[in-house]
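Chemist: Take a look at run09.pdb, PDB, C-alpha atoms:
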```
ATOM      1  CA  LEU A  78      68.165 -49.541   6.783
ATOM      2  CA  ALA A  79      67.157 -50.721  10.242
ATOM      3  CA  GLU A  80      63.597 -51.420   9.145
ATOM      4  CA  ARG A  81      64.536 -53.579   6.174
ATOM      5  CA  PRO A  82      63.324 -57.206   6.661
ATOM      6  CA  ALA A  83      65.515 -60.236   6.296
ATOM      7  CA  ALA A  84      65.643 -61.694   2.800
ATOM      8  CA  VAL A  85      63.243 -64.632   2.431
ATOM      9  CA  VAL A  86      63.415 -66.275  -0.992
ATOM     10  CA  ASP A  87      61.259 -69.384  -1.008
ATOM     11  CA  GLY A  88      61.973 -70.987  -4.362
ATOM     12  CA  ALA A  89      61.026 -74.447  -3.107
ATOM     13  CA  ARG A  90      57.735 -73.239  -1.605
ATOM     14  CA  ALA A  91      58.713 -74.663   1.782
ATOM     15  CA  LEU A  92      57.450 -71.807   3.973
ATOM     16  CA  SER A  93      53.987 -70.663   4.932
ATOM     17  CA  ALA A  94      53.146 -66.966   4.978
ATOM     18  CA  GLU A  95      53.344 -67.021   8.778
ATOM     19  CA  GLN A  96      56.787 -68.633   8.699
ATOM     20  CA  ARG A  97      58.079 -66.098   6.183
ATOM     21  CA  ALA A  98      56.787 -63.316   8.414
ATOM     22  CA  ALA A  99      58.449 -64.877  11.464
ATOM     23  CA  ILE A 100      61.823 -65.055   9.718
ATOM     24  CA  ALA A 101      61.481 -61.478   8.473
ATOM     25  CA  ALA A 102      60.709 -60.309  12.013
ATOM     26  CA  VAL A 103      63.800 -62.075  13.364
ATOM     27  CA  GLY A 104      65.932 -60.415  10.699
ATOM     28  CA  ALA A 105      64.464 -56.950  11.204
ATOM     29  CA  LYS A 106      65.101 -57.073  14.958
ATOM     30  CA  LEU A 107      68.649 -58.305  14.474
ATOM     31  CA  ARG A 108      69.466 -55.678  11.855
ATOM     32  CA  ALA A 109      68.158 -52.892  14.078
ATOM     33  CA  SER A 110      70.402 -53.955  16.965
ATOM     34  CA  THR A 111      73.538 -55.274  15.240
ATOM     35  CA  GLY A 112      73.505 -54.274  11.554
ATOM     36  CA  SER A 113      73.447 -57.972  10.642
ATOM     37  CA  ASP A 114      71.298 -59.719   8.049
ATOM     38  CA  VAL A 115      69.760 -63.176   8.304
ATOM     39  CA  ALA A 116      68.712 -64.473   4.887
ATOM     40  CA  VAL A 117      66.779 -67.699   4.363
ATOM     41  CA  VAL A 118      66.686 -69.154   0.864
ATOM     42  CA  THR A 119      65.096 -72.366  -0.364
ATOM     43  CA  ALA A 120      65.831 -73.806  -3.806
ATOM     44  CA  GLU A 121      64.418 -76.850  -5.506
ATOM     45  CA  ALA A 122      67.792 -77.751  -7.044
ATOM     46  CA  LEU A 123      71.397 -76.681  -7.286
ATOM     47  CA  ALA A 124      72.232 -74.051  -9.867
ATOM     48  CA  SER A 125      73.736 -75.483 -13.037
ATOM     49  CA  ASP A 126      77.095 -73.795 -12.424
ATOM     50  CA  ALA A 127      77.334 -74.625  -8.700
ATOM     51  CA  ALA A 128      79.401 -77.671  -7.785
ATOM     52  CA  SER A 129      77.790 -77.958  -4.368
ATOM     53  CA  ALA A 130      75.294 -76.352  -2.035
ATOM     54  CA  LYS A 131      78.253 -74.928  -0.129
ATOM     55  CA  GLN A 132      79.587 -73.154  -3.211
ATOM     56  CA  GLN A 133      76.120 -71.839  -3.980
ATOM     57  CA  ALA A 134      75.750 -70.507  -0.417
ATOM     58  CA  THR A 135      79.116 -68.723  -0.435
ATOM     59  CA  ARG A 136      78.426 -67.124  -3.808
ATOM     60  CA  LEU A 137      74.989 -65.938  -2.777
ATOM     61  CA  PHE A 138      76.208 -64.584   0.560
ATOM     62  CA  ASN A 139      78.856 -62.464  -1.129
ATOM     63  CA  ALA A 140      76.485 -61.361  -3.897
ATOM     64  CA  TRP A 141      74.154 -59.932  -1.283
ATOM     65  CA  GLY A 142      76.972 -58.645   0.950
ATOM     66  CA  LEU A 143      75.086 -59.846   4.016
ATOM     67  CA  GLY A 144      75.828 -58.158   7.297
ATOM     68  CA  ASP A 145      77.569 -55.004   8.384
ATOM     69  CA  ARG A 146      80.574 -54.051   6.255
ATOM     70  CA  ASP A 147      82.936 -53.587   9.191
ATOM     71  CA  LYS A 148      81.696 -56.552  11.240
ATOM     72  CA  SER A 149      80.945 -59.084   8.460
ATOM     73  CA  ASN A 150      78.276 -60.550  10.713
ATOM     74  CA  GLY A 151      75.669 -61.798   8.245
ATOM     75  CA  VAL A 152      74.106 -65.263   8.135
ATOM     76  CA  LEU A 153      72.679 -67.152   5.151
ATOM     77  CA  VAL A 154      70.580 -70.292   5.568
ATOM     78  CA  LEU A 155      70.245 -72.161   2.258
ATOM     79  CA  LEU A 156      68.130 -75.282   1.783
ATOM     80  CA  VAL A 157      68.403 -77.229  -1.491
ATOM     81  CA  ALA A 158      65.381 -79.511  -1.551
ATOM     82  CA  ASP A 159      66.307 -82.209  -4.061
ATOM     83  CA  GLU A 160      69.775 -82.532  -2.523
ATOM     84  CA  ARG A 161      68.222 -82.756   0.944
ATOM     85  CA  ARG A 162      70.989 -80.408   2.005
ATOM     86  CA  LEU A 163      71.112 -77.483   4.420
ATOM     87  CA  GLU A 164      73.998 -75.005   4.305
ATOM     88  CA  VAL A 165      74.643 -72.198   6.752
ATOM     89  CA  GLU A 166      77.088 -69.527   5.618
ATOM     90  CA  VAL A 167      78.389 -66.923   8.057
ATOM     91  CA  GLY A 168      80.339 -63.717   7.628
ATOM     92  CA  ALA A 169      84.069 -63.688   8.230
ATOM     93  CA  GLY A 170      83.547 -61.860  11.509
ATOM     94  CA  LEU A 171      81.610 -64.810  12.944
ATOM     95  CA  ASN A 172      83.934 -67.683  12.067
ATOM     96  CA  SER A 173      85.390 -68.209  15.546
ATOM     97  CA  ALA A 174      82.074 -67.828  17.367
ATOM     98  CA  TYR A 175      80.359 -70.227  14.970
ATOM     99  CA  ALA A 176      83.057 -72.857  15.410
ATOM    100  CA  ALA A 177      83.546 -72.438  19.190
ATOM    101  CA  ASP A 178      82.553 -75.666  20.957
ATOM    102  CA  GLY A 179      80.888 -76.749  17.732
ATOM    103  CA  ARG A 180      77.994 -74.375  18.402
ATOM    104  CA  GLY A 181      77.044 -73.588  14.839
ATOM    105  CA  ALA A 182      77.033 -77.219  13.753
ATOM    106  CA  ARG A 183      75.275 -78.267  16.957
ATOM    107  CA  VAL A 184      72.342 -75.965  16.173
ATOM    108  CA  GLN A 185      71.849 -77.968  13.010
ATOM    109  CA  SER A 186      72.262 -81.431  14.481
ATOM    110  CA  GLN A 187      70.208 -80.861  17.622
ATOM    111  CA  ARG A 188      67.443 -78.516  16.518
ATOM    112  CA  VAL A 189      67.218 -77.932  12.783
ATOM    113  CA  VAL A 190      67.930 -81.311  11.196
ATOM    114  CA  PRO A 191      65.485 -83.254  13.432
ATOM    115  CA  LEU A 192      62.706 -80.947  12.242
ATOM    116  CA  LEU A 193      63.772 -81.412   8.621
ATOM    117  CA  LYS A 194      63.749 -85.198   9.006
ATOM    118  CA  ALA A 195      60.273 -84.971  10.510
ATOM    119  CA  GLY A 196      59.073 -83.127   7.411
ATOM    120  CA  ARG A 197      58.650 -79.819   9.267
ATOM    121  CA  THR A 198      60.770 -77.817   6.847
ATOM    122  CA  GLY A 199      59.273 -74.419   7.572
ATOM    123  CA  ASP A 200      59.609 -74.853  11.330
ATOM    124  CA  ALA A 201      63.221 -75.937  10.830
ATOM    125  CA  LEU A 202      64.080 -72.790   8.886
ATOM    126  CA  VAL A 203      62.391 -70.524  11.425
ATOM    127  CA  ALA A 204      64.385 -72.288  14.161
ATOM    128  CA  ALA A 205      67.598 -71.803  12.190
ATOM    129  CA  ALA A 206      66.934 -68.077  11.779
ATOM    130  CA  GLU A 207      66.217 -67.713  15.504
ATOM    131  CA  GLU A 208      69.254 -69.686  16.669
ATOM    132  CA  TYR A 209      71.772 -67.987  14.407
ATOM    133  CA  ALA A 210      70.302 -64.559  15.127
ATOM    134  CA  ALA A 211      70.844 -65.288  18.837
ATOM    135  CA  LEU A 212      74.473 -66.193  18.098
ATOM    136  CA  VAL A 213      75.047 -62.920  16.255
ATOM    137  CA  ALA A 214      73.404 -60.922  19.041
ATOM    138  CA  GLU A 215      75.684 -62.514  21.646
ATOM    139  CA  VAL A 216      78.820 -61.862  19.614
ATOM    140  CA  ASP A 217      77.765 -58.290  18.957
ATOM    141  CA  ALA A 218      77.049 -57.614  22.627
ATOM    142  CA  ALA A 219      80.500 -58.927  23.560
ATOM    143  CA  GLY A 220      82.240 -57.183  20.667
ATOM    144  CA  ALA A 221      83.805 -60.557  19.894
ATOM    145  CA  TYR A 222      83.926 -60.427  16.101
ATOM    146  CA  ASP A 223      86.922 -61.787  14.227
ATOM    147  CA  PRO A 224      88.995 -59.186  12.340
ATOM    148  CA  VAL A 225      87.825 -59.008   8.751
ATOM    149  CA  PRO A 226      89.669 -57.971   5.588
ATOM    150  CA  ASP A 227      89.015 -54.532   4.120
ATOM    151  CA  PHE A 228      86.873 -55.953   1.382
ATOM    152  CA  GLU A 229      83.394 -55.160   0.103
ATOM    153  CA  ALA A 230      81.559 -58.030  -1.532
ATOM    154  CA  GLU A 231      80.378 -57.734  -5.106
ATOM    155  CA  ALA A 232      78.585 -60.348  -7.186
ATOM    156  CA  GLY A 233      80.609 -62.435  -9.618
ATOM    157  CA  ASP A 234      79.609 -62.753 -13.265
ATOM    158  CA  THR A 235      77.635 -65.973 -12.729
ATOM    159  CA  ILE A 236      76.266 -65.392  -9.232
ATOM    160  CA  ALA A 237      72.679 -64.840 -10.228
ATOM    161  CA  SER A 238      72.404 -68.268 -11.833
ATOM    162  CA  ALA A 239      73.605 -69.786  -8.570
ATOM    163  CA  LEU A 240      70.437 -68.813  -6.803
ATOM    164  CA  LEU A 241      67.300 -70.773  -7.511
ATOM    165  CA  ALA A 242      65.776 -73.173  -9.975
ATOM    166  CA  GLY A 243      62.621 -71.434 -11.110
ATOM    167  CA  GLY A 244      63.599 -67.971  -9.847
ATOM    168  CA  GLY A 245      67.142 -67.948 -11.189
ATOM    169  CA  GLY A 246      66.205 -66.724 -14.654
ATOM    170  CA  LEU A 247      64.942 -63.412 -13.341
ATOM    171  CA  LEU A 248      67.987 -62.990 -11.143
ATOM    172  CA  ALA A 249      70.331 -63.822 -14.007
ATOM    173  CA  LEU A 250      68.623 -61.074 -15.992
ATOM    174  CA  ARG A 251      69.071 -58.724 -13.032
ATOM    175  CA  SER A 252      72.793 -59.562 -12.885
ATOM    176  CA  ASN A 253      73.167 -58.696 -16.583
ATOM    177  CA  GLN A 254      71.324 -55.440 -15.973
ATOM    178  CA  ARG A 255      73.774 -54.605 -13.181
ATOM    179  CA  ASP A 256      76.661 -55.018 -15.607
ATOM    180  CA  GLU A 257      74.938 -52.677 -18.037
ATOM    181  CA  GLU A 258      74.272 -50.176 -15.271
ATOM    182  CA  LEU A 259      77.924 -50.202 -14.225
ATOM    183  CA  MET A 260      78.947 -49.641 -17.843
ATOM    184  CA  GLY A 261      76.568 -46.690 -18.002
ATOM    185  CA  ARG A 262      78.108 -45.194 -14.875
ATOM    186  CA  LEU A 263      81.605 -45.689 -16.311
ATOM    187  CA  GLU A 264      80.667 -44.005 -19.581
ATOM    188  CA  GLU A 265      79.225 -41.108 -17.596
ATOM    189  CA  ALA A 266      82.409 -40.849 -15.510
ATOM    190  CA  PHE A 267      84.605 -40.989 -18.634
ATOM    191  CA  GLU A 268      82.499 -38.195 -20.167
ATOM    192  CA  GLY A 269      80.844 -40.352 -22.801
ATOM    193  CA  ASP A 270      83.989 -42.250 -23.856
ATOM    194  CA  ALA A 271      82.567 -45.743 -24.376
ATOM    195  CA  THR A 272      85.968 -47.184 -25.343
ATOM    196  CA  ALA A 273      87.514 -46.053 -22.066
ATOM    197  CA  ALA A 274      84.547 -47.444 -20.154
ATOM    198  CA  ARG A 275      84.738 -50.870 -21.828
ATOM    199  CA  GLY A 276      88.464 -51.166 -21.196
ATOM    200  CA  ALA A 277      88.403 -49.887 -17.621
ATOM    201  CA  ARG A 278      89.830 -52.050 -14.841
ATOM    202  CA  ARG A 279      89.027 -51.813 -11.157
ATOM    203  CA  LEU A 280      91.920 -50.595  -9.019
ATOM    204  CA  ARG A 281      90.407 -50.672  -5.540
ATOM    205  CA  TRP A 282      87.223 -50.124  -3.582
ATOM    206  CA  ALA A 283      86.341 -46.466  -3.156
ATOM    207  CA  SER A 284      86.960 -44.688   0.139
ATOM    208  CA  GLU A 285      84.761 -41.975   1.620
ATOM    209  CA  GLY A 286      86.916 -39.253   0.105
ATOM    210  CA  ASP A 287      86.429 -40.650  -3.403
ATOM    211  CA  LEU A 288      82.644 -40.449  -3.346
ATOM    212  CA  SER A 289      80.412 -37.822  -4.888
ATOM    213  CA  THR A 290      77.285 -36.602  -3.122
ATOM    214  CA  ARG A 291      75.216 -39.088  -5.114
ATOM    215  CA  ASP A 292      77.642 -41.902  -4.300
ATOM    216  CA  ARG A 293      77.449 -41.063  -0.592
ATOM    217  CA  THR A 294      73.682 -41.366  -0.647
ATOM    218  CA  GLU A 295      73.941 -44.793  -2.269
ATOM    219  CA  ALA A 296      76.606 -45.859   0.227
ATOM    220  CA  ARG A 297      74.402 -44.733   3.119
ATOM    221  CA  LEU A 298      71.461 -46.695   1.743
ATOM    222  CA  GLY A 299      73.589 -49.722   0.897
ATOM    223  CA  SER A 300      72.113 -49.730  -2.615
ATOM    224  CA  ALA A 301      75.401 -49.791  -4.566
ATOM    225  CA  VAL A 302      79.094 -50.562  -4.188
ATOM    226  CA  HIS A 303      81.656 -48.066  -5.493
ATOM    227  CA  ALA A 304      85.166 -48.562  -6.818
ATOM    228  CA  VAL A 305      87.968 -46.648  -8.482
ATOM    229  CA  TYR A 306      88.553 -47.635 -12.119
ATOM    230  CA  ARG A 307      91.432 -46.869 -14.490
ATOM    231  CA  SER A 308      91.070 -46.507 -18.244
ATOM    232  CA  ALA A 309      92.829 -49.036 -20.478
ATOM    233  CA  ASP A 310      95.478 -46.472 -21.461
ATOM    234  CA  GLY A 311      96.234 -45.832 -17.798
ATOM    235  CA  GLN A 312      95.737 -42.087 -18.152
ATOM    236  CA  ARG A 313      92.455 -41.561 -16.302
ATOM    237  CA  THR A 314      90.880 -42.809 -13.091
ATOM    238  CA  VAL A 315      87.227 -42.449 -12.159
ATOM    239  CA  VAL A 316      84.800 -43.606  -9.470
ATOM    240  CA  ALA A 317      81.747 -45.611 -10.510
ATOM    241  CA  GLY A 318      79.023 -47.444  -8.623
ATOM    242  CA  ARG A 319      77.333 -50.742  -9.356
ATOM    243  CA  PRO A 320      73.919 -51.520  -7.796
ATOM    244  CA  ARG A 321      73.693 -54.525  -5.523
ATOM    245  CA  LEU A 322      72.051 -57.631  -6.915
ATOM    246  CA  LEU A 323      68.923 -57.487  -4.743
ATOM    247  CA  THR A 324      68.840 -53.877  -3.635
ATOM    248  CA  PRO A 325      65.298 -52.725  -2.840
ATOM    249  CA  TYR A 326      66.128 -49.353  -4.437
ATOM    250  CA  ALA A 327      65.750 -48.432  -8.105
ATOM    251  CA  ALA A 328      67.460 -45.751 -10.182
ATOM    252  CA  CYS A 329      65.855 -42.332  -9.877
ATOM    253  CA  PRO A 330      64.672 -41.011 -13.280
ATOM    254  CA  GLU A 331      65.688 -37.490 -12.260
ATOM    255  CA  CYS A 332      69.140 -37.750 -10.660
ATOM    256  CA  GLY A 333      70.139 -41.333 -11.548
ATOM    257  CA  ALA A 334      70.919 -42.297  -7.934
ATOM    258  CA  TRP A 335      70.060 -45.802  -6.803
ATOM    259  CA  ALA A 336      67.886 -44.250  -4.137
ATOM    260  CA  LEU A 337      64.312 -44.616  -5.411
ATOM    261  CA  ASP A 338      62.115 -46.177  -2.738
ATOM    262  CA  THR A 339      58.438 -47.089  -2.928
ATOM    263  CA  ASP A 340      55.839 -45.888  -0.436
ATOM    264  CA  GLU A 341      52.631 -47.872  -0.300
ATOM    265  CA  THR A 342      49.227 -47.609   1.331
ATOM    266  CA  ILE A 343      46.883 -50.594   1.563
ATOM    267  CA  VAL A 344      43.360 -49.668   0.514
ATOM    268  CA  THR A 345      41.871 -53.157   0.846
ATOM    269  CA  TRP A 346      43.651 -56.324   1.938
ATOM    270  CA  ASN A 347      43.667 -59.390  -0.289
ATOM    271  CA  THR A 348      42.363 -62.740   0.954
ATOM    272  CA  GLU A 349      42.470 -66.307  -0.320
ATOM    273  CA  LEU A 350      39.402 -65.604  -2.441
ATOM    274  CA  THR A 351      39.380 -61.895  -3.239
ATOM    275  CA  PRO A 352      42.045 -59.502  -4.562
ATOM    276  CA  GLY A 353      43.079 -56.362  -2.705
ATOM    277  CA  LEU A 354      44.268 -52.924  -3.703
ATOM    278  CA  LYS A 355      47.187 -50.716  -2.702
ATOM    279  CA  LEU A 356      48.411 -47.274  -3.749
ATOM    280  CA  GLU A 357      52.104 -46.783  -4.524
ATOM    281  CA  SER A 358      54.372 -43.859  -5.275
ATOM    282  CA  ASP A 359      58.141 -43.637  -5.729
ATOM    283  CA  ARG A 360      60.316 -41.261  -3.726
ATOM    284  CA  CYS A 361      64.021 -40.547  -4.187
ATOM    285  CA  GLU A 362      66.177 -40.432  -1.062
ATOM    286  CA  HIS A 363      68.745 -38.270  -2.875
ATOM    287  CA  CYS A 364      66.754 -35.615  -4.725
ATOM    288  CA  ASP A 365      63.192 -34.321  -4.379
ATOM    289  CA  PHE A 366      61.631 -36.534  -7.044
ATOM    290  CA  VAL A 367      58.222 -38.064  -6.199
ATOM    291  CA  SER A 368      56.268 -40.039  -8.786
ATOM    292  CA  PRO A 369      52.514 -39.810  -9.360
ATOM    293  CA  GLU A 370      50.507 -42.265  -7.265
ATOM    294  CA  ARG A 371      49.476 -45.514  -8.954
ATOM    295  CA  SER A 372      47.049 -48.323  -8.111
ATOM    296  CA  VAL A 373      48.285 -51.917  -7.761
ATOM    297  CA  VAL A 374      46.035 -54.971  -7.501
ATOM    298  CA  LEU A 375      47.064 -57.542  -4.877
ATOM    299  CA  PRO A 376      46.203 -61.022  -6.205
ATOM    300  CA  ALA A 377      44.207 -63.394  -4.064
ATOM    301  CA  TYR A 378      46.448 -65.808  -2.171
ATOM    302  CA  GLY A 379      45.302 -68.717  -4.286
ATOM    303  CA  VAL A 380      46.557 -67.238  -7.567
ATOM    304  CA  ASP A 381      49.279 -69.436  -9.084
ATOM    305  CA  GLY A 382      52.731 -67.911  -9.116
ATOM    306  CA  TRP A 383      52.250 -65.546  -6.191
ATOM    307  CA  ASP A 384      52.728 -66.633  -2.592
ATOM    308  CA  GLY A 385      51.782 -63.484  -0.711
ATOM    309  CA  ASP A 386      55.366 -62.364   0.014
ATOM    310  CA  ASP A 387      57.062 -59.631  -1.972
ATOM    311  CA  SER A 388      59.490 -58.479   0.728
ATOM    312  CA  GLY A 389      63.032 -57.800  -0.370
ATOM    313  CA  GLY A 390      66.355 -58.003   1.361
ATOM    314  CA  GLY A 391      69.982 -57.234   1.020
ATOM    315  CA  GLY A 392      73.053 -56.423   3.001
ATOM    316  CA  GLY A 393      75.447 -53.767   4.084
ATOM    317  CA  GLY A 394      78.702 -55.036   2.594
ATOM    318  CA  GLY A 395      79.526 -58.117   4.649
ATOM    319  CA  PHE A 396      81.836 -60.830   3.311
ATOM    320  CA  SER A 397      82.150 -64.584   3.842
ATOM    321  CA  ASP A 398      85.361 -66.535   3.267
ATOM    322  CA  GLY A 399      83.494 -69.846   3.446
ATOM    323  CA  GLY A 400      82.697 -70.019   7.167
ATOM    324  CA  GLY A 401      79.770 -72.050   8.365
ATOM    325  CA  SER A 402      78.743 -75.683   7.961
ATOM    326  CA  GLY A 403      76.198 -77.918   6.313
ATOM    327  CA  SER A 404      74.066 -80.952   7.017
ATOM    328  CA  SER A 405      72.317 -83.578   4.961
ATOM    329  CA  TYR A 406      68.897 -84.757   6.031
TER     330      TYR A 406
END
```
Can I see the file as structure tokens?

Modeler:
Amino acid sequence: LAERPAAVVDGARALSAEQRAAIAAVGAKLRASTGSDVAVVTAEALASDAASAKQQATRLFNAWGLGDRDKSNGVLVLLVADERRLEVEVGAGLNSAYAADGRGARVQSQRVVPLLKAGRTGDALVAAAEEYAALVAEVDAAGAYDPVPDFEAEAGDTIASALLAGGGGLLALRSNQRDEELMGRLEEAFEGDATAARGARRLRWASEGDLSTRDRTEARLGSAVHAVYRSADGQRTVVAGRPRLLTPYAACPECGAWALDTDETIVTWNTELTPGLKLESDRCEHCDFVSPERSVVLPAYGVDGWDGDDSGGGGGGGFSDGGGSGSSY
């Protein structure tokens, strides 16, 4: 979706509303022109099951599938506050460009880290988004991506807990829900045979010819990844989809496709002192379902636990094999 903003997950509360908007604008422009994603994530601490900020960055990148599937041109900027560590993870298609003449690391040492050391964390992250977006744009214009494996990223079992201290609990719950949703799709594909669904093993990622009409809609939206599964007895193969960890789409109550988007209209804007109001309705990109309109109160900016940013993010199937670099500050 060309209009989808970059993911901005500010678990450490390091960004102002203006800085979040600036990063989102950089990401939206880059996605429209290159299909890439630039995600900026701040965390107060390492996840309990992450050995390092680097491991956490690689896991998160591949959970989101940042970047275009065929180009693997996504970028993730992760800052772990109590480690005083910045990690930049790039898609496999950008490895050579990132490493050439030390450019990727030089962005950190010459522009980003000095701002971090000066206590200007938000400015540093905006600068990082701008610099790495410029790198992707140059590579894309030259068609100079590295060849990438025919692989579509999918979250591992513990990826959600590798995200954020404070926000990780919700994402861990979301990861468990994804497992349940995949199991539901497998049971549906195996015609209600729960035993076959539980024992199924993935054979390969699905190709275009494997997909149903519903699957094709999800693939077009980037809301789910699809694979071919074989039953435990080896007698049956089916195709089933699993929603991406942070897809902005929900399951349609009518057709079941992960294609339910939300349209909203602001009635009154919220301020630091007064709440606002918006009207929302859900619309399925696959079938004709439209939900009744509902009213949603927008909390005042000063309300604890809400920082004024509810934008989502996600990717198009990109994959990182560990490319990028990190810096302590």

Chemist: Set the distance at 12 Å and use only C-alpha atoms: which residues neighbour His363 of chain A once local chain neighbours fewer than 2 positions away are removed? I'd like the list as a PyMOL selection string.

Modeler: chain A and resi 289-298+300+326-338+360-361+365-367

Chemist: Tell me which residues the PyMOL selection byres ((chain A and resi 273) around 9) grabs here, as JSON, numbers by chain.

Modeler: {"A": [263, 264, 267, 269, 270, 271, 272, 274, 275, 276, 277, 307, 308, 309, 310, 313]}

Chemist: Which one of A:Ala101, A:Leu137, A:Val167, A:Lys148 sits closest to Ser397 of chain A if you count only C-alpha atoms?

Modeler: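 Going through A:Ala101, A:Leu137, A:Val167, A:Lys148 one by one, the smallest distance to Ser397 of chain A is for A:Val167.
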
Chemist: Translate the PyMOL selection byres ((chain A and resi 120) around 7), as applied to the file shown, into an explicit residue set as a list in words.

Modeler: Asp87, Gly88, Ala89, Val118, Thr119, Glu121, Ala122, Leu156, Val157, Ala158, Leu241 and Ala242 of chain A

Chemist: For Thr198 of chain A, which residue out of A:Ala91, A:Arg371, A:Ala174, A:Arg97 is the nearest one, using only C-alpha atoms?

Modeler: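 For Thr198 of chain A, the nearest of the candidates is A:Ala91.
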
Chemist: Given the file shown, enumerate the residues that the PyMOL selection byres ((chain A and resi 283) around 12) captures and present them as number ranges by chain.

Modeler: A: 227-229, 279-282, 284-289, 292-293, 296, 301-306, 314-319

Chemist: How many Å separate atom CA of Tyr222 of chain A from atom CA of Leu171 of chain A?

Modeler: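 Going from atom CA of Tyr222 of chain A over to atom CA of Leu171 of chain A, I get 5.9 Å.
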
Chemist: If you take every atom of segment 359-369 of chain A that the file lists and fit an axis-aligned box around them with 5 Å extra on each side, what centre and edge lengths come out in Å to one decimal, as AutoDock Vina command-line options?

Modeler:
```
--center_x 60.6 --center_y -39.0 --center_z -5.2 --size_x 26.2 --size_y 19.3 --size_z 18.3
```
